[in-house]
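Asker: Shown below is the structure under consideration.
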Amino acid sequence: MQKYLNAIGAVGFVLAAANTAVIVFAVVRGPAIVEENLGKVQALMIEKMHSALSDSVTEAMPSQVKELMPSSTGPALPF
């Protein structure tokens with residue numbers, strides 16, 4: 001019976017050590033990982049939002065208005 005209790009204690013110690021190692025890794029390397037991937041995530045979200053919004057606006061507009069809307073715009077007016 002003591003063998004089983006010792007095995008359970010050893011497994012508990014290993015799990016606690018692994019949990020501590022994961023937390024330390026997340027605290028030390030977490031901000032760097034976030035900074036590395038933040039630009040990629042922002043670019044992907046901007047692309048997804050742009051496609052979703054442009055599709056929904058185009059679908060919501062009547063066909064007459066779609067024909068009148070320009071497909072591209074020119075430069076800004078100088079003041």
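Chain lettering (A, B, ...) mirrors the order of the structure tokens, residue numbering begins at 1 for each chain separately, and ligand numbering begins at 1 in order of display.
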Name the residues of region 9-78 of chain A that come out as alpha helix (DSSP H) in a backbone DSSP run; write them as number ranges by chain.
Answerer: A: 9-60, 63-68
Asker: I'd like the interatomic distance between CA of Ile23 (chain A) and CA of Glu36 (chain A), to a tenth of an Å.
Answerer: 19.4 Å
Asker: Do you have the CA of Phe13 (chain A)-CA of Phe25 (chain A) distance handy?
Answerer: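 Taking CA of Phe13 (chain A) as the start and CA of Phe25 (chain A) as the end point, the length is 18.2 Å.
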